[in-house]
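Next comes work-v4.tsv, with TSV, C-alpha atoms.
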chain	number	residue	atom	x	y	z
A	208	MET	CA	38.30	44.01	17.92
A	209	THR	CA	35.56	41.62	18.87
A	210	ALA	CA	35.09	38.98	21.49
A	211	ALA	CA	32.38	37.30	19.43
A	212	ILE	CA	31.79	33.58	19.41
A	213	ASP	CA	29.57	31.78	16.96
A	214	ARG	CA	26.26	30.36	18.08
A	215	ALA	CA	27.18	26.72	17.36
A	216	GLU	CA	30.21	26.92	19.70
A	217	ALA	CA	28.13	28.71	22.36
A	218	ASP	CA	25.44	26.02	22.16
A	219	ALA	CA	28.05	23.25	22.48
A	220	ILE	CA	29.50	24.93	25.59
A	221	ALA	CA	26.04	25.38	27.13
A	222	ARG	CA	25.25	21.68	26.56
A	223	GLY	CA	28.64	20.58	27.94
A	224	GLU	CA	29.52	19.04	24.59
A	225	HIS	CA	32.29	21.35	23.34
A	226	GLY	CA	35.41	19.33	22.55
A	227	ASP	CA	37.84	22.03	23.79
A	228	PRO	CA	36.21	24.69	25.99
A	229	PHE	CA	39.67	25.95	27.01
A	230	ALA	CA	40.13	27.13	23.40
A	231	VAL	CA	37.09	29.40	23.77
A	232	LEU	CA	36.63	30.30	27.44
A	233	GLY	CA	39.03	32.25	29.65
A	234	MET	CA	41.56	34.88	28.60
A	235	HIS	CA	42.86	34.91	25.03
A	236	HIS	CA	44.75	37.14	22.63
A	237	VAL	CA	42.54	38.12	19.69
A	238	GLY	CA	44.57	40.22	17.31
A	239	ASP	CA	46.22	42.89	19.46
A	240	ALA	CA	43.57	42.71	22.19
A	241	ILE	CA	42.93	40.70	25.33
A	242	VAL	CA	39.50	39.02	25.38
A	243	VAL	CA	37.85	37.23	28.31
A	244	ARG	CA	34.97	34.80	27.79
A	245	ALA	CA	33.04	33.00	30.53
A	246	PHE	CA	30.06	30.67	30.70
A	247	LEU	CA	28.16	31.67	33.85
A	248	PRO	CA	24.43	30.93	33.53
A	249	GLN	CA	23.75	32.09	37.11
A	250	ALA	CA	25.19	35.58	36.47
A	251	ARG	CA	23.24	38.70	35.60
A	252	ARG	CA	26.42	40.73	35.06
A	253	VAL	CA	30.12	39.80	34.95
A	254	HIS	CA	33.15	42.02	35.55
A	255	VAL	CA	36.86	41.33	35.00
A	256	VAL	CA	38.85	42.46	38.05
A	257	ASP	CA	42.63	42.89	38.20
A	258	ARG	CA	43.79	40.51	40.94
A	259	ARG	CA	46.65	42.76	42.07
A	260	SER	CA	44.93	46.15	42.22
A	261	GLY	CA	41.32	45.04	42.71
A	262	GLN	CA	40.37	47.43	39.89
A	263	ASN	CA	37.31	46.61	37.80
A	264	LEU	CA	38.72	46.52	34.25
A	265	ALA	CA	35.75	45.55	32.11
A	266	GLU	CA	32.16	44.44	32.17
A	267	LEU	CA	31.60	41.45	29.92
A	268	PRO	CA	28.45	41.78	27.84
A	269	ARG	CA	26.11	38.78	27.74
A	270	MET	CA	26.53	37.27	24.28
A	271	PHE	CA	23.72	34.73	24.49
A	272	HIS	CA	20.81	34.20	26.86
A	273	ASP	CA	22.23	30.89	28.09
A	274	GLY	CA	24.98	32.65	30.06
A	275	LEU	CA	27.94	33.18	27.76
A	276	PHE	CA	29.67	36.49	28.51
A	277	ALA	CA	32.56	37.92	26.48
A	278	GLY	CA	34.38	41.19	26.08
A	279	VAL	CA	37.60	43.00	25.30
A	280	VAL	CA	39.66	44.26	28.23
A	281	ALA	CA	40.65	47.76	27.08
A	282	ASP	CA	44.20	49.00	27.52
A	283	ARG	CA	45.63	45.53	28.08
A	284	LYS	CA	47.94	43.92	25.54
A	285	ARG	CA	49.34	41.09	27.67
A	286	ARG	CA	47.83	38.41	29.87
A	287	PHE	CA	47.43	39.33	33.54
A	288	ALA	CA	46.12	37.82	36.77
A	289	TYR	CA	42.38	38.37	37.18
A	290	HIS	CA	39.23	37.08	38.75
A	291	LEU	CA	35.56	37.56	37.93
A	292	ARG	CA	32.98	39.50	39.91
A	293	LEU	CA	29.48	38.17	39.32
A	294	GLU	CA	26.20	39.84	40.07
A	295	THR	CA	23.63	37.10	40.71
A	296	ALA	CA	20.11	36.87	42.10
A	297	ALA	CA	21.64	35.72	45.40
A	298	GLY	CA	24.08	38.67	45.54
A	299	ASP	CA	27.58	39.51	44.37
A	300	VAL	CA	30.39	36.96	44.42
A	301	GLU	CA	33.98	36.89	43.23
A	302	ILE	CA	35.37	33.73	41.63
A	303	GLU	CA	38.52	32.49	40.00
A	304	ASP	CA	38.12	31.80	36.31
A	305	PRO	CA	38.81	28.07	35.89
A	306	TYR	CA	39.80	28.63	32.28
Reformat the file's structure so that it appears as structure tokens.
Amino acid sequence: MTAAIDRAEADAIARGEHGDPFAVLGMHHVGDAIVVRAFLPQARRVHVVDRRSGQNLAELPRMFHDGLFAGVVADRKRRFAYHLRLETAAGDVEIEDPY
């Protein structure tokens, strides 16, 4: 299973011109898997964290240099409450995913 996104969609998101970013970003079912995608240009690394347990579930690989991260959350088949842990030049921060 892949969390891939095509370059044209990624470019439209980066420019703020995508007609429906909610269709791409955030948590989605892709086949039998759960995928999380986020556009976070300030991040060096991004982790998906289970909101209830605080457990780090997945690191999202950077898909493109402009800050699009995406990955499969292993061992999850249904949507769940989460937040994102970002590693940035200014330090680590946890945020809610607006998507």
Residue contacts of His236 of chain A (10 Å, all atoms listed in the file) excluding same-chain residues fewer than 5 positions away, as a short mmCIF file (atom, residue, chain, number, x, y, z; two decimals) with C-alpha atoms, in the frame of the given file:
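Below is the file that was written, part_13.cif:
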data_model
loop_
_atom_site.label_atom_id
_atom_site.label_comp_id
_atom_site.auth_asym_id
_atom_site.auth_seq_id
_atom_site.Cartn_x
_atom_site.Cartn_y
_atom_site.Cartn_z
CA ALA A 210 35.09 38.98 21.49
CA ILE A 241 42.93 40.70 25.33
CA VAL A 242 39.50 39.02 25.38
CA VAL A 243 37.85 37.23 28.31
CA VAL A 279 37.60 43.00 25.30
CA LYS A 284 47.94 43.92 25.54
CA ARG A 285 49.34 41.09 27.67
CA ARG A 286 47.83 38.41 29.87
#
Open item on the list: Let me make sure I understand: among A:Ala288, A:Leu247, A:Leu293, A:Ala277, which one has the smallest atom-to-atom distance to Arg259 of chain A if we use all atoms listed in the file?
Closed with: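 Closest candidate: A:Ala288.
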Open item on the list: Just checking: using all atoms listed in the file, which residue out of A:Ile212, A:Ile302, A:Val280, A:Leu275 ends up closest to Arg251 of chain A?
Closed with: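 Answer, going by the shortest atom-to-atom distance: A:Leu275.
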Task: Nearest to Met234 of chain A by atom-to-atom distance, counting all atoms listed in the file, from A:Val255, A:Ala296, A:Ile220, A:Leu264 - done: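 Closest to Met234 of chain A, using all atoms listed in the file: A:Val255.
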Task: Nearest to Ala221 of chain A, chosen from A:Gly233, A:Gly274, A:Gly261, A:Gly238, with all atoms listed in the file counted in the distances - done: A:Gly274
Supply segment 209-228 of chain A as a PDB file, in the frame of the given file, with N, CA and C atoms built in where the input has gaps.
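File selection-v4.pdb, as written:
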ATOM      1  N   THR A 209      36.787  42.218  18.353  1.00  0.00           N
ATOM      2  CA  THR A 209      35.560  41.620  18.870  1.00  0.00           C
ATOM      3  C   THR A 209      35.849  40.387  19.709  1.00  0.00           C
ATOM      4  N   ALA A 210      34.994  40.168  20.645  1.00  0.00           N
ATOM      5  CA  ALA A 210      35.090  38.980  21.490  1.00  0.00           C
ATOM      6  C   ALA A 210      34.076  37.932  21.063  1.00  0.00           C
ATOM      7  N   ALA A 211      33.489  38.129  19.897  1.00  0.00           N
ATOM      8  CA  ALA A 211      32.380  37.300  19.430  1.00  0.00           C
ATOM      9  C   ALA A 211      32.735  35.815  19.383  1.00  0.00           C
ATOM     10  N   ILE A 212      31.704  35.038  19.527  1.00  0.00           N
ATOM     11  CA  ILE A 212      31.790  33.580  19.410  1.00  0.00           C
ATOM     12  C   ILE A 212      30.568  33.159  18.595  1.00  0.00           C
ATOM     13  N   ASP A 213      30.737  32.145  17.771  1.00  0.00           N
ATOM     14  CA  ASP A 213      29.570  31.780  16.960  1.00  0.00           C
ATOM     15  C   ASP A 213      28.595  30.940  17.776  1.00  0.00           C
ATOM     16  N   ARG A 214      27.356  30.969  17.331  1.00  0.00           N
ATOM     17  CA  ARG A 214      26.260  30.360  18.080  1.00  0.00           C
ATOM     18  C   ARG A 214      26.454  28.852  18.264  1.00  0.00           C
ATOM     19  N   ALA A 215      26.986  28.167  17.255  1.00  0.00           N
ATOM     20  CA  ALA A 215      27.180  26.720  17.360  1.00  0.00           C
ATOM     21  C   ALA A 215      28.162  26.384  18.486  1.00  0.00           C
ATOM     22  N   GLU A 216      29.257  27.149  18.606  1.00  0.00           N
ATOM     23  CA  GLU A 216      30.210  26.920  19.700  1.00  0.00           C
ATOM     24  C   GLU A 216      29.569  27.229  21.047  1.00  0.00           C
ATOM     25  N   ALA A 217      28.812  28.331  21.111  1.00  0.00           N
ATOM     26  CA  ALA A 217      28.130  28.710  22.360  1.00  0.00           C
ATOM     27  C   ALA A 217      27.154  27.621  22.782  1.00  0.00           C
ATOM     28  N   ASP A 218      26.398  27.083  21.845  1.00  0.00           N
ATOM     29  CA  ASP A 218      25.440  26.020  22.160  1.00  0.00           C
ATOM     30  C   ASP A 218      26.157  24.768  22.676  1.00  0.00           C
ATOM     31  N   ALA A 219      27.291  24.425  22.048  1.00  0.00           N
ATOM     32  CA  ALA A 219      28.050  23.250  22.480  1.00  0.00           C
ATOM     33  C   ALA A 219      28.583  23.440  23.900  1.00  0.00           C
ATOM     34  N   ILE A 220      29.026  24.641  24.230  1.00  0.00           N
ATOM     35  CA  ILE A 220      29.500  24.930  25.590  1.00  0.00           C
ATOM     36  C   ILE A 220      28.336  24.813  26.568  1.00  0.00           C
ATOM     37  N   ALA A 221      27.205  25.401  26.241  1.00  0.00           N
ATOM     38  CA  ALA A 221      26.040  25.380  27.130  1.00  0.00           C
ATOM     39  C   ALA A 221      25.558  23.946  27.393  1.00  0.00           C
ATOM     40  N   ARG A 222      25.675  23.077  26.400  1.00  0.00           N
ATOM     41  CA  ARG A 222      25.250  21.680  26.560  1.00  0.00           C
ATOM     42  C   ARG A 222      26.327  20.808  27.200  1.00  0.00           C
ATOM     43  N   GLY A 223      27.537  21.366  27.403  1.00  0.00           N
ATOM     44  CA  GLY A 223      28.640  20.580  27.940  1.00  0.00           C
ATOM     45  C   GLY A 223      29.226  19.623  26.937  1.00  0.00           C
ATOM     46  N   GLU A 224      29.080  19.937  25.656  1.00  0.00           N
ATOM     47  CA  GLU A 224      29.520  19.040  24.590  1.00  0.00           C
ATOM     48  C   GLU A 224      30.668  19.599  23.759  1.00  0.00           C
ATOM     49  N   HIS A 225      31.198  20.750  24.126  1.00  0.00           N
ATOM     50  CA  HIS A 225      32.290  21.350  23.340  1.00  0.00           C
ATOM     51  C   HIS A 225      33.551  20.515  23.551  1.00  0.00           C
ATOM     52  N   GLY A 226      34.229  20.182  22.480  1.00  0.00           N
ATOM     53  CA  GLY A 226      35.410  19.330  22.550  1.00  0.00           C
ATOM     54  C   GLY A 226      36.619  19.986  23.208  1.00  0.00           C
ATOM     55  N   ASP A 227      36.688  21.324  23.217  1.00  0.00           N
ATOM     56  CA  ASP A 227      37.840  22.030  23.790  1.00  0.00           C
ATOM     57  C   ASP A 227      37.407  23.377  24.332  1.00  0.00           C
ATOM     58  N   PRO A 228      36.685  23.412  25.461  1.00  0.00           N
ATOM     59  CA  PRO A 228      36.210  24.690  25.990  1.00  0.00           C
ATOM     60  C   PRO A 228      37.342  25.637  26.372  1.00  0.00           C
TER      61      PRO A 228
END
